[in-house]
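Engineer: As input, take input12.cif (mmCIF, C-alpha atoms):
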```cif
data_structure
loop_
_atom_site.label_atom_id
_atom_site.label_comp_id
_atom_site.auth_asym_id
_atom_site.auth_seq_id
_atom_site.Cartn_x
_atom_site.Cartn_y
_atom_site.Cartn_z
CA MET T 1 -7.02 5.45 -1.89
CA TYR T 2 -3.50 6.05 -3.15
CA ASP T 3 -1.72 3.84 -0.65
CA GLN T 4 -3.81 0.81 -1.59
CA PRO T 5 -2.18 -1.77 -3.87
CA PHE T 6 -3.75 -2.78 -7.15
CA SER T 7 -4.03 -6.35 -5.88
CA ASP T 8 -3.57 -8.25 -2.66
CA GLU T 9 -0.13 -9.32 -3.85
CA SER T 10 1.11 -5.81 -4.70
CA HIS T 11 3.91 -4.19 -2.74
CA PRO T 12 5.29 -0.63 -2.57
CA THR T 13 8.42 -1.64 -4.49
CA GLU T 14 6.50 -3.24 -7.36
CA PRO T 15 5.67 -1.43 -10.62
CA GLY T 16 2.19 0.07 -10.66
CA PHE T 17 1.93 0.58 -6.90
CA ARG T 18 0.75 4.07 -5.94
CA ILE T 19 2.13 5.75 -2.83
CA ASP T 20 0.01 8.11 -0.72
CA PRO T 21 0.57 11.55 -2.35
CA VAL T 22 1.53 12.94 1.04
CA LEU T 23 4.66 10.75 0.86
CA ALA T 24 5.05 10.48 -2.94
CA ARG T 25 8.59 10.96 -4.20
CA SER T 26 8.47 10.53 -8.00
CA TRP T 27 5.82 12.55 -9.88
CA LEU T 28 5.91 11.31 -13.47
CA LEU T 29 4.67 13.73 -16.14
CA VAL T 30 3.09 12.01 -19.15
CA ASN T 31 2.06 13.81 -22.34
CA GLY T 32 -1.72 14.02 -22.18
CA ALA T 33 -2.03 13.90 -25.95
CA GLN T 34 -0.34 10.50 -26.18
CA TYR T 35 -2.83 7.98 -24.84
CA GLU T 36 -0.57 5.05 -25.65
CA ARG T 37 1.84 6.23 -22.94
CA PHE T 38 -0.72 6.22 -20.14
CA ALA T 39 -0.77 2.48 -19.45
CA PRO T 40 3.05 2.04 -19.49
CA ALA T 41 3.32 4.99 -17.09
CA ALA T 42 0.73 3.41 -14.81
CA ARG T 43 2.85 0.24 -14.69
CA SER T 44 6.05 2.16 -13.97
CA ARG T 45 7.84 2.78 -10.66
CA ALA T 46 6.30 6.25 -10.39
CA ASP T 47 4.76 7.03 -7.02
CA ILE T 48 2.29 9.33 -8.80
CA VAL T 49 1.44 9.60 -12.51
CA VAL T 50 0.50 13.08 -13.76
CA LEU T 51 -1.15 13.34 -17.17
CA ASP T 52 0.11 16.63 -18.58
CA ILE T 53 -2.29 18.76 -20.64
CA GLU T 54 -0.32 21.96 -20.06
CA ASP T 55 3.22 22.47 -21.39
CA ALA T 56 3.37 19.07 -23.08
CA VAL T 57 0.37 19.83 -25.33
CA ALA T 58 0.23 22.45 -28.10
CA PRO T 59 -2.80 24.77 -28.08
CA LYS T 60 -4.26 23.10 -31.17
CA ASP T 61 -4.17 19.71 -29.40
CA LYS T 62 -5.71 20.73 -26.05
CA VAL T 63 -9.22 19.48 -26.87
CA ALA T 64 -7.96 16.12 -28.12
CA ALA T 65 -5.75 15.72 -25.04
CA ARG T 66 -8.70 16.41 -22.74
CA GLU T 67 -10.70 13.72 -24.53
CA LYS T 68 -7.91 11.19 -24.02
CA VAL T 69 -7.55 12.05 -20.34
CA THR T 70 -11.32 11.83 -19.89
CA ARG T 71 -11.31 8.40 -21.52
CA TRP T 72 -8.51 7.20 -19.23
CA LEU T 73 -10.22 8.40 -16.07
CA ALA T 74 -13.55 6.93 -17.19
CA GLU T 75 -11.86 3.53 -17.48
CA GLY T 76 -11.41 3.40 -13.72
CA ASN T 77 -8.04 5.12 -13.37
CA SER T 78 -7.46 7.84 -10.77
CA ASP T 79 -4.19 9.42 -11.83
CA TRP T 80 -3.38 13.10 -11.47
CA VAL T 81 -3.59 15.76 -14.19
CA ARG T 82 -1.44 18.83 -14.75
CA ILE T 83 -3.82 21.54 -15.88
CA ASN T 84 -3.28 24.89 -17.53
CA GLY T 85 -2.75 27.93 -15.37
CA PHE T 86 -5.41 30.25 -13.99
CA GLY T 87 -6.22 32.97 -16.51
CA THR T 88 -5.22 30.98 -19.59
CA PRO T 89 -7.84 30.22 -22.27
CA TRP T 90 -7.83 26.54 -21.22
CA TRP T 91 -8.07 26.63 -17.43
CA ALA T 92 -11.87 26.70 -17.11
CA ASP T 93 -12.34 23.95 -19.72
CA ASP T 94 -9.76 21.78 -17.96
CA LEU T 95 -11.69 22.09 -14.71
CA GLU T 96 -15.02 21.42 -16.39
CA MET T 97 -13.56 18.21 -17.82
CA LEU T 98 -12.33 17.02 -14.42
CA ALA T 99 -15.38 17.97 -12.36
CA GLY T 100 -17.05 14.77 -11.20
CA SER T 101 -14.29 12.55 -12.61
CA ALA T 102 -12.10 10.06 -10.75
CA VAL T 103 -9.04 12.32 -10.96
CA GLY T 104 -6.68 11.76 -8.04
CA GLY T 105 -5.58 15.38 -7.90
CA VAL T 106 -4.39 18.26 -10.04
CA MET T 107 -1.06 19.96 -10.51
CA LEU T 108 -1.93 23.59 -11.23
CA ALA T 109 0.59 25.31 -13.49
CA MET T 110 1.93 28.86 -13.15
CA VAL T 111 0.56 29.62 -9.69
CA GLU T 112 1.30 33.23 -8.81
CA SER T 113 -1.27 34.13 -6.17
CA VAL T 114 -3.68 32.69 -3.63
CA ASP T 115 -6.73 33.11 -5.85
CA HIS T 116 -5.22 30.81 -8.48
CA VAL T 117 -5.46 28.00 -5.93
CA THR T 118 -8.70 28.98 -4.23
CA GLU T 119 -10.63 29.45 -7.48
CA THR T 120 -9.41 26.07 -8.72
CA ALA T 121 -10.40 24.48 -5.40
CA ARG T 122 -13.83 26.09 -5.57
CA ARG T 123 -14.50 24.44 -8.93
CA LEU T 124 -12.94 21.12 -7.90
CA PRO T 125 -13.96 20.68 -4.25
CA ASP T 126 -12.19 17.94 -2.32
CA VAL T 127 -9.59 17.46 -5.07
CA PRO T 128 -6.00 17.94 -3.80
CA ILE T 129 -4.05 20.65 -5.60
CA VAL T 130 -0.29 20.75 -6.07
CA ALA T 131 0.59 24.42 -6.64
CA LEU T 132 3.32 24.55 -9.28
CA VAL T 133 5.19 27.83 -8.67
CA GLU T 134 7.30 28.80 -11.68
CA THR T 135 7.95 32.56 -11.60
CA ALA T 136 9.55 35.25 -9.48
CA ARG T 137 6.08 36.65 -8.74
CA GLY T 138 4.95 33.25 -7.50
CA LEU T 139 8.03 32.79 -5.34
CA GLU T 140 7.49 36.18 -3.70
CA ARG T 141 4.00 35.02 -2.68
CA ILE T 142 4.83 31.43 -1.87
CA THR T 143 4.05 31.70 1.85
CA GLU T 144 0.51 32.87 1.11
CA ILE T 145 0.10 30.30 -1.67
CA ALA T 146 1.12 27.48 0.68
CA SER T 147 -1.54 28.61 3.16
CA ALA T 148 -4.29 28.91 0.54
CA LYS T 149 -7.42 26.82 0.98
CA GLY T 150 -7.04 23.75 -1.23
CA ALA T 151 -3.24 23.79 -1.44
CA PHE T 152 -1.96 20.25 -0.89
CA ARG T 153 1.73 20.46 -1.79
CA LEU T 154 4.07 22.93 -3.47
CA ALA T 155 6.11 22.12 -6.57
CA PHE T 156 9.04 24.02 -8.09
CA GLY T 157 8.80 24.67 -11.83
CA ILE T 158 12.51 25.09 -12.39
CA GLY T 159 12.53 25.51 -16.18
CA ASP T 160 10.07 28.38 -16.31
CA PHE T 161 11.54 29.92 -13.16
CA ARG T 162 14.95 30.05 -14.77
CA ARG T 163 13.50 31.54 -17.94
CA ASP T 164 11.68 34.16 -15.89
CA THR T 165 14.65 35.11 -13.75
CA GLY T 166 17.66 34.37 -15.93
CA PHE T 167 19.14 32.11 -13.23
CA GLY T 168 21.44 29.22 -14.08
CA ASP T 169 20.92 25.66 -12.88
CA ASN T 170 23.74 25.49 -10.35
CA PRO T 171 22.38 24.27 -6.98
CA ALA T 172 23.96 27.26 -5.27
CA THR T 173 22.15 29.63 -7.63
CA LEU T 174 18.78 28.06 -6.85
CA ALA T 175 19.45 27.56 -3.13
CA TYR T 176 17.37 30.55 -2.07
CA ALA T 177 14.39 29.46 -4.16
CA ARG T 178 14.48 25.87 -2.90
CA SER T 179 14.79 27.07 0.68
CA ARG T 180 11.70 29.24 0.25
CA PHE T 181 9.68 26.23 -0.95
CA THR T 182 10.69 24.08 2.00
CA ILE T 183 10.15 26.79 4.60
CA ALA T 184 6.76 27.81 3.17
CA ALA T 185 5.54 24.21 3.06
CA LYS T 186 6.66 23.51 6.61
CA ALA T 187 5.19 26.74 7.96
CA ALA T 188 1.83 25.95 6.34
CA GLY T 189 1.79 22.38 7.63
CA LEU T 190 2.02 20.88 4.14
CA PRO T 191 3.99 17.78 3.13
CA GLY T 192 7.47 18.45 1.78
CA ALA T 193 7.79 20.41 -1.45
CA ILE T 194 8.29 18.72 -4.82
CA ASP T 195 11.44 19.71 -6.70
CA GLY T 196 11.53 20.33 -10.43
CA PRO T 197 12.72 17.84 -13.02
CA THR T 198 16.22 17.02 -14.22
CA VAL T 199 16.57 17.07 -18.01
CA GLY T 200 18.72 14.45 -19.71
CA SER T 201 19.43 10.75 -19.50
CA SER T 202 22.51 10.78 -17.26
CA ALA T 203 21.86 8.54 -14.27
CA LEU T 204 24.71 10.18 -12.35
CA ARG T 205 23.35 13.67 -12.95
CA LEU T 206 19.88 12.61 -11.86
CA SER T 207 21.25 10.97 -8.73
CA GLU T 208 23.21 14.11 -7.86
CA ALA T 209 20.20 16.34 -8.54
CA THR T 210 18.00 14.17 -6.33
CA ALA T 211 20.57 14.44 -3.55
CA VAL T 212 20.32 18.23 -3.88
CA SER T 213 16.53 17.99 -3.52
CA ALA T 214 16.92 15.95 -0.34
CA GLU T 215 19.57 18.32 1.01
CA PHE T 216 17.08 21.18 0.76
CA GLY T 217 14.37 19.22 2.56
CA MET T 218 12.31 18.57 -0.57
CA THR T 219 10.59 15.20 -0.44
CA GLY T 220 9.35 14.80 -4.02
CA LYS T 221 10.68 15.39 -7.52
CA ILE T 222 9.07 15.71 -10.93
CA CYS T 223 10.18 13.03 -13.40
CA LEU T 224 10.10 13.30 -17.18
CA THR T 225 10.49 9.62 -18.10
CA PRO T 226 9.57 6.37 -16.33
CA ASP T 227 13.21 5.32 -16.04
CA GLN T 228 13.94 8.34 -13.83
CA CYS T 229 11.50 7.19 -11.15
CA PRO T 230 13.56 4.42 -9.47
CA THR T 231 16.54 6.75 -9.02
CA VAL T 232 14.36 9.49 -7.55
CA ASN T 233 12.54 7.03 -5.28
CA GLU T 234 15.81 5.70 -3.91
CA GLY T 235 17.33 9.14 -3.46
CA LEU T 236 14.34 10.49 -1.55
CA ALA T 237 13.84 7.45 0.68
CA PRO T 238 15.68 6.58 3.90
CA SER T 239 19.03 4.94 3.20
CA GLN T 240 20.13 1.66 4.73
CA ASP T 241 22.56 3.63 6.89
CA GLU T 242 19.73 5.78 8.21
CA ILE T 243 17.57 2.73 8.92
CA SER T 244 20.47 1.08 10.75
CA TRP T 245 21.06 4.24 12.78
CA ALA T 246 17.37 4.43 13.76
CA LYS T 247 17.30 0.81 14.89
CA GLU T 248 20.54 1.14 16.81
CA PHE T 249 19.33 4.32 18.49
CA PHE T 250 16.14 2.65 19.75
CA ALA T 251 18.10 -0.38 20.96
CA GLU T 252 20.47 1.88 22.89
CA PHE T 253 17.55 3.94 24.21
CA GLN T 254 15.83 0.83 25.57
CA ARG T 255 19.06 -0.48 27.10
CA ASP T 256 19.31 2.80 29.02
CA GLY T 257 15.84 2.31 30.48
CA GLY T 258 13.64 3.93 27.82
CA GLU T 259 13.58 7.26 29.64
CA ILE T 260 14.52 10.66 28.27
CA ARG T 261 18.17 11.19 29.16
CA ASN T 262 18.94 14.66 27.79
CA GLY T 263 17.66 17.36 25.45
CA SER T 264 18.81 15.53 22.32
CA ASP T 265 16.62 12.46 22.87
CA LEU T 266 13.29 13.96 21.77
CA PRO T 267 14.48 15.12 18.34
CA ARG T 268 16.40 11.86 17.86
CA ILE T 269 13.32 9.80 18.74
CA ALA T 270 11.27 11.82 16.26
CA ARG T 271 13.93 11.43 13.58
CA ALA T 272 14.29 7.68 14.13
CA ASN T 273 10.52 7.17 14.07
CA LYS T 274 10.23 9.18 10.86
CA ILE T 275 12.93 7.11 9.18
CA LEU T 276 11.37 3.79 10.16
CA ASP T 277 7.85 4.90 9.26
CA LEU T 278 9.01 6.03 5.81
CA ALA T 279 10.95 2.81 5.31
CA ARG T 280 7.78 0.84 5.99
CA ALA T 281 5.68 3.05 3.70
CA TYR T 282 8.18 2.63 0.86
CA GLY T 283 8.71 -1.09 1.44
CA ILE T 284 12.39 -0.73 2.34
CA HIS T 285 13.74 -3.43 4.62
CA GLU T 286 17.03 -4.63 5.97
CA PRO T 287 17.28 -8.45 6.30
CA GLU T 288 16.59 -8.26 10.02
CA TYR T 289 14.21 -5.30 9.87
CA SER T 290 10.80 -5.97 11.40
CA ASP T 291 8.20 -4.41 13.67
CA ASP T 292 9.62 -4.40 17.17
CA PRO T 293 8.68 -2.83 20.50
CA ASP T 294 11.77 -0.62 20.47
CA HIS T 295 10.04 1.56 17.86
CA VAL T 296 8.22 3.81 20.30
CA PRO T 297 5.94 6.73 19.39
CA ALA T 298 7.68 10.09 19.23
CA PRO T 299 6.52 12.55 21.89
CA SER T 300 6.91 15.34 19.33
CA ASP T 301 7.59 15.57 15.61
CA THR T 302 10.61 17.81 15.39
CA TYR T 303 12.25 15.98 12.51
CA HIS T 304 11.26 16.62 8.91
CA TYR T 305 12.72 14.05 6.55
#
```
Can you dump the structure from the file as structure tokens?
Structural biologist:
Amino acid sequence: MYDQPFSDESHPTEPGFRIDPVLARSWLLVNGAQYERFAPAARSRADIVVLDIEDAVAPKDKVAAREKVTRWLAEGNSDWVRINGFGTPWWADDLEMLAGSAVGGVMLAMVESVDHVTETARRLPDVPIVALVETARGLERITEIASAKGAFRLAFGIGDFRRDTGFGDNPATLAYARSRFTIAAKAAGLPGAIDGPTVGSSALRLSEATAVSAEFGMTGKICLTPDQCPTVNEGLAPSQDEISWAKEFFAEFQRDGGEIRNGSDLPRIARANKILDLARAYGIHEPEYSDDPDHVPAPSDTYHY
């Protein structure tokens, strides 16, 4: 349901359009206690809106936040919700609230073991779960977490991870952690991992941070404000240069007879197909870009964008 526009005239590049969560780039967290922010978030450029009733909400406000989220979902909205972690005093009540609702999916905080995911999935059957891993203990078990029944995608809770480990925020410092997320997701057959947020209002810093996410094979990123979403969407989508390369490769391939010429053709076909498929999904077009017969199916998917 997520890749369907709100109206026949909607388009992936328009505000309010929801991208399939398999491909979603920007995951916008919205304070679950502030109902007045829900509608503006829903009209934003976010691929996915996540109503946050975990870190964003003080313990004394949890009940009120649940009521506001329940009201929003009952009004026909199917956004995601970030719920409190397994073992907290609020986890079970969060799940009880969402059971039978129109929630699109949940982002489960502080995942540290397989049972955190499986127990959540048992209480919310058929609801996709993004496992938010935020501690050293969680990272050590990330391969098992990624393979847990109900796990849909992995997400990196950078702030809590740094508090837990004492790490700084330099990309080199967090390279090992990001690599573990990408490798675990790929090994488990999940969509690309979702990177943690970038704090601050600097557009340059956000753009650079998003480039780091892409460099480590992460295909989504948590956003803290609606105005971060366009930058993240652009940074995690195929560039015009990549689209041009893909088109030129297929043109050259067809000119040479459309037959495999050497060992590099299969991975290049897979890469070019992935780029063009993502460009279509995200509504990215060059002036002359259109469906054409040169875009042939990839014999194997060896490229992970």
Engineer: Taking the file as shown, find all residues satisfying the PyMOL selection byres ((chain T and resi 56) around 12) and write them as a list in words.
Structural biologist: Leu29, Val30, Asn31, Gly32, Ala33, Gln34, Val50, Leu51, Asp52, Ile53, Glu54, Asp55, Val57, Ala58, Pro59, Lys60, Asp61, Lys62, Ala65, Val81, Arg82, Ile83, Asn84, Ala109 and Leu224 of chain T
Engineer: Tell me, as a list in words, which residues lie within 10 Å of Tyr282 in chain T, counting all atoms listed in the file; anything in the same chain fewer than 5 positions away does not count.
Structural biologist: His11, Pro12, Thr13, Ile19, Asp20, Leu23, Ala24, Arg25, Asp47, Asn233, Glu234, Ala237, Pro238, Leu276 and Asp277 of chain T
Engineer: Could you work out how far CA of Arg71 in chain T lies from CA of Ile222 in chain T, giving the answer in Å with one decimal?
Structural biologist: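 Distance between the two atoms: 24.1 Å.
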Engineer: Might you pull out every residue within 6 Å of range 190-195 of chain T, with all atoms listed in the file counted and same-chain residues fewer than 5 positions away left off, and present them as an MDAnalysis selection string?
Structural biologist: chainID T and resid 22 153:156 182 185 218:221
Engineer: For the structure provided, state which residues fall under the PyMOL selection byres ((chain T and resi 94) around 12), and present them as a PyMOL selection string.
Structural biologist: chain T and resi 32+52-54+62-67+69-70+81-93+95-99+101+103+106-109+120+123-124
Engineer: Between CA of Phe216 in chain T and CA of Ser179 in chain T, what is the distance in Å, rounded to a tenth?
Structural biologist: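 Taking CA of Phe216 in chain T and CA of Ser179 in chain T, their separation equals 6.3 Å.
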Engineer: Could you check how far CA of Glu208 in chain T sits from CA of Pro21 in chain T, in Å to one decimal?
Structural biologist: 23.4 Å
Engineer: Rank T:Gln254, T:Trp27, T:Pro40, T:Ser113 by their smallest atom-to-atom distance to Pro197 in chain T, using all atoms listed in the file, and report the top residue only.
Structural biologist: T:Trp27
Engineer: Taking 3 positions as the minimum chain separation for residues in the same chain, which residues sit within 10 Å of Glu112 in chain T when counting only C-alpha atoms? Answer as a ChimeraX atom specification.
Structural biologist: /T:85-86,109,115-117,131-142,144-145
Engineer: Extract, using only C-alpha atoms, all DNA, RNA and protein residues at most 12 Å from Ser207 in chain T, discarding same-chain residues fewer than 3 positions from it, and format them as a short mmCIF file (atom, residue, chain, number, x, y, z; two decimals) with C-alpha atoms, in the frame of the given file.
Structural biologist:
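File produced: around.cif:
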```cif
data_model
loop_
_atom_site.label_atom_id
_atom_site.label_comp_id
_atom_site.auth_asym_id
_atom_site.auth_seq_id
_atom_site.Cartn_x
_atom_site.Cartn_y
_atom_site.Cartn_z
CA PRO T 197 12.72 17.84 -13.02
CA THR T 198 16.22 17.02 -14.22
CA GLY T 200 18.72 14.45 -19.71
CA SER T 201 19.43 10.75 -19.50
CA SER T 202 22.51 10.78 -17.26
CA ALA T 203 21.86 8.54 -14.27
CA LEU T 204 24.71 10.18 -12.35
CA THR T 210 18.00 14.17 -6.33
CA ALA T 211 20.57 14.44 -3.55
CA VAL T 212 20.32 18.23 -3.88
CA SER T 213 16.53 17.99 -3.52
CA ALA T 214 16.92 15.95 -0.34
CA LYS T 221 10.68 15.39 -7.52
CA GLN T 228 13.94 8.34 -13.83
CA CYS T 229 11.50 7.19 -11.15
CA PRO T 230 13.56 4.42 -9.47
CA THR T 231 16.54 6.75 -9.02
CA VAL T 232 14.36 9.49 -7.55
CA ASN T 233 12.54 7.03 -5.28
CA GLU T 234 15.81 5.70 -3.91
CA GLY T 235 17.33 9.14 -3.46
CA LEU T 236 14.34 10.49 -1.55
#
```
Engineer: Kindly indicate which residue among T:Ser147, T:Ala246, T:Gly157, T:His285 lies nearest to Ala270 in chain T, using only C-alpha atoms for the distances.
Structural biologist: T:Ala246
Engineer: Where does the PyMOL selection byres ((chain T and resi 129) around 6) land in this file, that is, which residues does it pick, as a list of chain:residue names?
Structural biologist: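 Selected by the PyMOL selection byres ((chain T and resi 129) around 6) here: T:Gly105, T:Val106, T:Met107, T:Pro128, T:Val130, T:Ala151, T:Phe152.
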Engineer: Let me know the centre plus edge lengths, in Å and rounded to one decimal, of a box with edges along x, y and z that contains all listed atoms of range 110-113 of chain T and is padded by 4 Å on every side, as lines of an AutoDock Vina configuration file.
Structural biologist:
```
center_x = 0.3
center_y = 31.5
center_z = -9.7
size_x = 11.2
size_y = 13.3
size_z = 15.0
```
Engineer: Using all atoms listed in the file, pick whichever of T:Ala41, T:Ala146, T:Ala251, T:Val114 has the shortest atom-to-atom distance to Ile269 in chain T.
Structural biologist: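 Of the candidates, the smallest distance to Ile269 in chain T is held by T:Ala251.
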Engineer: Which residue out of T:Asp241, T:Asp227, T:Asp79, T:Asp126 has the minimum interatomic distance to Lys149 in chain T when only C-alpha atoms are used?
Structural biologist: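 Ranked by minimum distance to Lys149 in chain T, first place goes to T:Asp126.
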Engineer: Rank T:Ala272, T:Ala175, T:Ala102, T:Leu28 by their smallest atom-to-atom distance to Gly217 in chain T, using all atoms listed in the file, and report the top residue only.
Structural biologist: T:Ala175
